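What follows is one structure encoded as structure tokens, with my remarks underneath.
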Amino acid sequence: MQKPLIKLLPAALALALLSPVAFAQTAATVNGKAIPESMVTIVAENMAKQSGQPVTPQLKDQIKKELILREVVVQEAEKQGLQNQKDVQEEIQVGRQNILIRTLFQDYLKKHPITDAQVKAKYDQFAKSFGTTEYEAQHILVPTEKEADDIIAQLKKGAKFSAMAKKYSKDAASAVKGGDLGWSTPGNYVEPFAAALTKLKPGEYTTIPVQTQFGWHIIKLDKTRPAKPPTMDQLKPQIMQELQREAVQKYQQELLAQAKVTQ
């Protein structure tokens, strides 16, 4: 059984309704109102982009049936005057704003595309902060300094770090693995944690509890190895998204600065 399209259609329809493509040929008519063939095509293409699937005649036929059904339902809602309800009008207004906002930002990014030089500069910044060394570490997280001190005292008497982590650590994700955090660079940790970790030698643990916003940590360094950051090609999609987000945020602030706002 084919899954209903109703959940995917709104976003695709929003793009279709704002498309400059002229609606010429008619796919169907519902009580005299035309559903343009080009709307079916645009919705199909946008859905294909979202799902990663190709546009097929079967998909277009399914979309056409869904658009017919939606038009029938919309016409009945309008016949009952539901579009005149205050809350409905407000939702329509919010939906209209969302469509226009998204379209404005898409248009802005088309006119101000991210350059290869920007991507490289962002990657170089990342590579520099990535560091030259990766650390394989364990930790035990507890709510209070006293609990951390008690655990350190037990470790000094010969208790096994992994066993103590499983028993006491409040970091559930790592506790089940004996406190194992895997391989990572210091930049992935909050500053007090990273600073303490990088001062350790393999096999050592912190004999003074380390406080972060999460609680109190005892940190053990297992091994180190040279760090090898992902290549620029590997990170390019994420970098593009980040640069686009930053560009849109800057654009929003410029628009806000130009606007007259009273509260």
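Residues are referred to by chain and number: the chain letter is A, B, ... according to the order shown in the structure tokens, the number counts from 1 in that chain, and ligands are numbered separately from 1 in the order shown.
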DSSP on the backbone: which residues in stretch 131-263 of chain A end up as strand (DSSP E or B)? Give the answer as JSON, numbers by chain. {"A": [133, 134, 135, 136, 137, 138, 139, 140, 141, 142, 180, 181, 182, 183, 184, 205, 210, 211, 212, 215, 216, 217, 218, 219, 220, 221, 222, 223, 224, 225, 226]}
Selected residues written out with N, CA and C atoms, as a PDB file, in the first residue's frame:
```
ATOM      1  N   THR A 133      46.329  16.515  17.827  1.00  0.00           N
ATOM      2  CA  THR A 133      46.314  15.268  18.605  1.00  0.00           C
ATOM      3  C   THR A 133      44.888  14.871  18.957  1.00  0.00           C
ATOM      4  N   GLU A 134      44.625  13.576  18.840  1.00  0.00           N
ATOM      5  CA  GLU A 134      43.356  13.004  19.307  1.00  0.00           C
ATOM      6  C   GLU A 134      43.609  12.260  20.614  1.00  0.00           C
ATOM      7  N   TYR A 135      42.598  12.252  21.462  1.00  0.00           N
ATOM      8  CA  TYR A 135      42.719  11.636  22.782  1.00  0.00           C
ATOM      9  C   TYR A 135      41.638  10.577  22.965  1.00  0.00           C
ATOM     10  N   GLU A 136      42.043   9.414  23.438  1.00  0.00           N
ATOM     11  CA  GLU A 136      41.087   8.380  23.824  1.00  0.00           C
ATOM     12  C   GLU A 136      40.979   8.441  25.347  1.00  0.00           C
ATOM     13  N   ALA A 137      39.794   8.741  25.836  1.00  0.00           N
ATOM     14  CA  ALA A 137      39.659   9.012  27.271  1.00  0.00           C
ATOM     15  C   ALA A 137      38.449   8.311  27.873  1.00  0.00           C
ATOM     16  N   GLN A 138      38.440   8.279  29.190  1.00  0.00           N
ATOM     17  CA  GLN A 138      37.297   7.828  29.987  1.00  0.00           C
ATOM     18  C   GLN A 138      36.983   8.920  31.010  1.00  0.00           C
ATOM     19  N   HIS A 139      35.756   8.917  31.500  1.00  0.00           N
ATOM     20  CA  HIS A 139      35.471   9.845  32.598  1.00  0.00           C
ATOM     21  C   HIS A 139      34.377   9.289  33.493  1.00  0.00           C
ATOM     22  N   ILE A 140      34.336   9.839  34.680  1.00  0.00           N
ATOM     23  CA  ILE A 140      33.277   9.542  35.645  1.00  0.00           C
ATOM     24  C   ILE A 140      32.659  10.877  36.022  1.00  0.00           C
ATOM     25  N   LEU A 141      31.356  10.985  35.858  1.00  0.00           N
ATOM     26  CA  LEU A 141      30.639  12.231  36.144  1.00  0.00           C
ATOM     27  C   LEU A 141      29.733  12.042  37.354  1.00  0.00           C
ATOM     28  N   VAL A 142      29.905  12.916  38.350  1.00  0.00           N
ATOM     29  CA  VAL A 142      29.065  12.861  39.557  1.00  0.00           C
ATOM     30  C   VAL A 142      28.579  14.273  39.901  1.00  0.00           C
ATOM     31  N   ASP A 180      33.987   5.127  28.835  1.00  0.00           N
ATOM     32  CA  ASP A 180      34.725   5.333  27.581  1.00  0.00           C
ATOM     33  C   ASP A 180      34.088   6.431  26.734  1.00  0.00           C
ATOM     34  N   LEU A 181      34.881   7.407  26.336  1.00  0.00           N
ATOM     35  CA  LEU A 181      34.427   8.510  25.484  1.00  0.00           C
ATOM     36  C   LEU A 181      34.909   8.360  24.042  1.00  0.00           C
ATOM     37  N   GLY A 182      35.692   7.330  23.781  1.00  0.00           N
ATOM     38  CA  GLY A 182      36.208   7.128  22.438  1.00  0.00           C
ATOM     39  C   GLY A 182      37.291   8.144  22.088  1.00  0.00           C
ATOM     40  N   TRP A 183      37.614   8.201  20.812  1.00  0.00           N
ATOM     41  CA  TRP A 183      38.627   9.140  20.323  1.00  0.00           C
ATOM     42  C   TRP A 183      38.002  10.479  19.992  1.00  0.00           C
ATOM     43  N   SER A 184      38.643  11.545  20.397  1.00  0.00           N
ATOM     44  CA  SER A 184      38.136  12.877  20.097  1.00  0.00           C
ATOM     45  C   SER A 184      39.264  13.898  20.272  1.00  0.00           C
ATOM     46  N   TYR A 205      45.043   9.769  35.495  1.00  0.00           N
ATOM     47  CA  TYR A 205      43.700  10.327  35.686  1.00  0.00           C
ATOM     48  C   TYR A 205      43.819  11.571  36.562  1.00  0.00           C
ATOM     49  N   VAL A 210      37.331  17.833  38.250  1.00  0.00           N
ATOM     50  CA  VAL A 210      37.190  18.902  37.253  1.00  0.00           C
ATOM     51  C   VAL A 210      35.718  19.287  37.163  1.00  0.00           C
ATOM     52  N   GLN A 211      35.425  20.558  37.409  1.00  0.00           N
ATOM     53  CA  GLN A 211      34.033  21.019  37.391  1.00  0.00           C
ATOM     54  C   GLN A 211      33.680  21.618  36.035  1.00  0.00           C
ATOM     55  N   THR A 212      32.527  21.204  35.505  1.00  0.00           N
ATOM     56  CA  THR A 212      31.932  21.828  34.316  1.00  0.00           C
ATOM     57  C   THR A 212      30.456  22.075  34.627  1.00  0.00           C
ATOM     58  N   GLY A 215      28.653  18.919  35.959  1.00  0.00           N
ATOM     59  CA  GLY A 215      28.925  18.326  37.262  1.00  0.00           C
ATOM     60  C   GLY A 215      30.418  18.243  37.492  1.00  0.00           C
ATOM     61  N   TRP A 216      30.831  17.211  38.225  1.00  0.00           N
ATOM     62  CA  TRP A 216      32.241  17.027  38.575  1.00  0.00           C
ATOM     63  C   TRP A 216      32.768  15.769  37.890  1.00  0.00           C
ATOM     64  N   HIS A 217      33.921  15.910  37.240  1.00  0.00           N
ATOM     65  CA  HIS A 217      34.487  14.816  36.449  1.00  0.00           C
ATOM     66  C   HIS A 217      35.796  14.310  37.037  1.00  0.00           C
ATOM     67  N   ILE A 218      35.990  12.990  36.916  1.00  0.00           N
ATOM     68  CA  ILE A 218      37.317  12.403  37.028  1.00  0.00           C
ATOM     69  C   ILE A 218      37.637  11.912  35.620  1.00  0.00           C
ATOM     70  N   ILE A 219      38.752  12.346  35.075  1.00  0.00           N
ATOM     71  CA  ILE A 219      39.094  12.072  33.681  1.00  0.00           C
ATOM     72  C   ILE A 219      40.334  11.198  33.619  1.00  0.00           C
ATOM     73  N   LYS A 220      40.286  10.168  32.781  1.00  0.00           N
ATOM     74  CA  LYS A 220      41.433   9.291  32.592  1.00  0.00           C
ATOM     75  C   LYS A 220      41.817   9.286  31.111  1.00  0.00           C
ATOM     76  N   LEU A 221      43.085   9.516  30.838  1.00  0.00           N
ATOM     77  CA  LEU A 221      43.580   9.468  29.461  1.00  0.00           C
ATOM     78  C   LEU A 221      44.141   8.078  29.186  1.00  0.00           C
ATOM     79  N   ASP A 222      43.649   7.435  28.138  1.00  0.00           N
ATOM     80  CA  ASP A 222      44.134   6.109  27.769  1.00  0.00           C
ATOM     81  C   ASP A 222      45.258   6.183  26.736  1.00  0.00           C
ATOM     82  N   LYS A 223      44.976   6.820  25.600  1.00  0.00           N
ATOM     83  CA  LYS A 223      45.969   6.881  24.522  1.00  0.00           C
ATOM     84  C   LYS A 223      45.868   8.209  23.789  1.00  0.00           C
ATOM     85  N   THR A 224      46.911   8.517  23.032  1.00  0.00           N
ATOM     86  CA  THR A 224      46.876   9.662  22.115  1.00  0.00           C
ATOM     87  C   THR A 224      47.358   9.196  20.743  1.00  0.00           C
ATOM     88  N   ARG A 225      46.991   9.959  19.714  1.00  0.00           N
ATOM     89  CA  ARG A 225      47.468   9.674  18.361  1.00  0.00           C
ATOM     90  C   ARG A 225      47.381  10.965  17.547  1.00  0.00           C
ATOM     91  N   PRO A 226      48.143  11.063  16.469  1.00  0.00           N
ATOM     92  CA  PRO A 226      48.060  12.266  15.633  1.00  0.00           C
ATOM     93  C   PRO A 226      46.648  12.442  15.081  1.00  0.00           C
TER      94      PRO A 226
END
```
So which residues of stretch 132-175 of chain A fall under helix (DSSP H, G or I) by DSSP, listed as a PyMOL selection string? chain A and resi 145-156+161-168+172-175
List the neighbours of stretch 254-258 of chain A out to 12 Å using only C-alpha atoms; skip same-chain residues closer than 4 positions along the sequence, and give me the result as a list in words. Leu104, Phe105, Ala247, Val248, Gln249 and Lys250 of chain A
Atoms kept (C-alpha atoms) for selection, written as a CSV table (one decimal), in the first residue's frame:
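Written output follows (out.csv):
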```
chain,number,residue,atom,x,y,z
A,104,LEU,CA,13.2,35.6,0.3
A,105,PHE,CA,16.1,33.8,1.8
A,247,ALA,CA,24.7,34.8,5.6
A,248,VAL,CA,20.9,34.6,6.2
A,249,GLN,CA,21.4,35.7,9.8
A,250,LYS,CA,23.4,38.6,8.8
```
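For the pair atom CA of A:Phe214 and atom CA of A:Pro186, the interatomic distance is 16.7 Å.
One distance worth recording is that between atom CA of A:Lys110 and atom CA of A:Gln244, which is 10.5 Å.
Taking atom CA of A:Pro113 and atom CA of A:Ile99 as endpoints, the distance between them is 20.7 Å.
Summary of the local environment: counting only C-alpha atoms, residues at most 6 Å from A:Ala165, other than itself and those fewer than 5 positions away along its chain, are Ile140, Ala175, Gly178 and Gly179 of chain A.
Compared by their closest atoms to A:Val176, and using only C-alpha atoms, the residues A:Asn188, A:Ala163, A:Ala194, A:Val74 rank with A:Ala163 nearest.
Comparing the minimum interatomic distances between A:Gln238 and each of A:Lys65, A:Arg102, A:Arg70, A:Lys122, counting only C-alpha atoms, we find that A:Lys122 sits nearest.
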Polymer residues at most 9 Å from A:Asn31, only C-alpha atoms, same-chain spacing of 2 or more positions, as a PyMOL selection string: chain A and resi 29+33-34+72+75
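Among the candidates A:Leu109, A:Leu243, A:Lys228, A:Leu155, the one nearest to A:Phe130 when counting only C-alpha atoms is A:Lys228.
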Give me the residues within 9 Å of A:Ala28 as a list in words, counting only C-alpha atoms and dropping any in the same chain fewer than 3 places off. Lys33, Ala34, Ile35, Pro36, Glu37, Lys64 and Ile68 of chain A
Skipping near chain neighbours, those fewer than 4 positions away, what residues fall within 12 Å of A:Ala117 using only C-alpha atoms, listed as a PDB file with N, CA and C atoms, in the first residue's frame?
```
ATOM      1  N   PRO A 113      25.692  33.905  -3.753  1.00  0.00           N
ATOM      2  CA  PRO A 113      26.141  32.519  -3.532  1.00  0.00           C
ATOM      3  C   PRO A 113      27.418  32.438  -2.700  1.00  0.00           C
ATOM      4  N   ALA A 121      38.195  29.138   3.503  1.00  0.00           N
ATOM      5  CA  ALA A 121      38.539  29.894   4.709  1.00  0.00           C
ATOM      6  C   ALA A 121      37.884  29.263   5.942  1.00  0.00           C
ATOM      7  N   LYS A 122      36.650  28.833   5.788  1.00  0.00           N
ATOM      8  CA  LYS A 122      35.942  28.199   6.900  1.00  0.00           C
ATOM      9  C   LYS A 122      36.586  26.859   7.246  1.00  0.00           C
ATOM     10  N   TYR A 123      36.978  26.120   6.222  1.00  0.00           N
ATOM     11  CA  TYR A 123      37.624  24.829   6.463  1.00  0.00           C
ATOM     12  C   TYR A 123      38.974  25.022   7.150  1.00  0.00           C
ATOM     13  N   ASP A 124      39.742  26.009   6.693  1.00  0.00           N
ATOM     14  CA  ASP A 124      41.051  26.268   7.302  1.00  0.00           C
ATOM     15  C   ASP A 124      40.890  26.630   8.778  1.00  0.00           C
ATOM     16  N   MET A 232      38.374  18.682   3.125  1.00  0.00           N
ATOM     17  CA  MET A 232      37.441  19.753   2.798  1.00  0.00           C
ATOM     18  C   MET A 232      36.262  19.219   1.991  1.00  0.00           C
ATOM     19  N   LYS A 236      32.452  19.785   3.005  1.00  0.00           N
ATOM     20  CA  LYS A 236      31.906  20.886   2.216  1.00  0.00           C
ATOM     21  C   LYS A 236      30.392  21.059   2.377  1.00  0.00           C
ATOM     22  N   ILE A 239      29.810  22.724   5.687  1.00  0.00           N
ATOM     23  CA  ILE A 239      30.354  24.084   5.668  1.00  0.00           C
ATOM     24  C   ILE A 239      29.438  25.007   4.879  1.00  0.00           C
ATOM     25  N   MET A 240      28.934  24.527   3.745  1.00  0.00           N
ATOM     26  CA  MET A 240      28.016  25.328   2.932  1.00  0.00           C
ATOM     27  C   MET A 240      26.772  25.697   3.739  1.00  0.00           C
ATOM     28  N   LEU A 243      27.692  28.348   6.346  1.00  0.00           N
ATOM     29  CA  LEU A 243      27.913  29.657   5.734  1.00  0.00           C
ATOM     30  C   LEU A 243      26.598  30.269   5.256  1.00  0.00           C
TER      31      LEU A 243
END
```
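With distances restricted to only C-alpha atoms, A:Phe161 is the closest residue to A:Gly203 from A:Phe161, A:Gln89, A:Thr132, A:Lys167.
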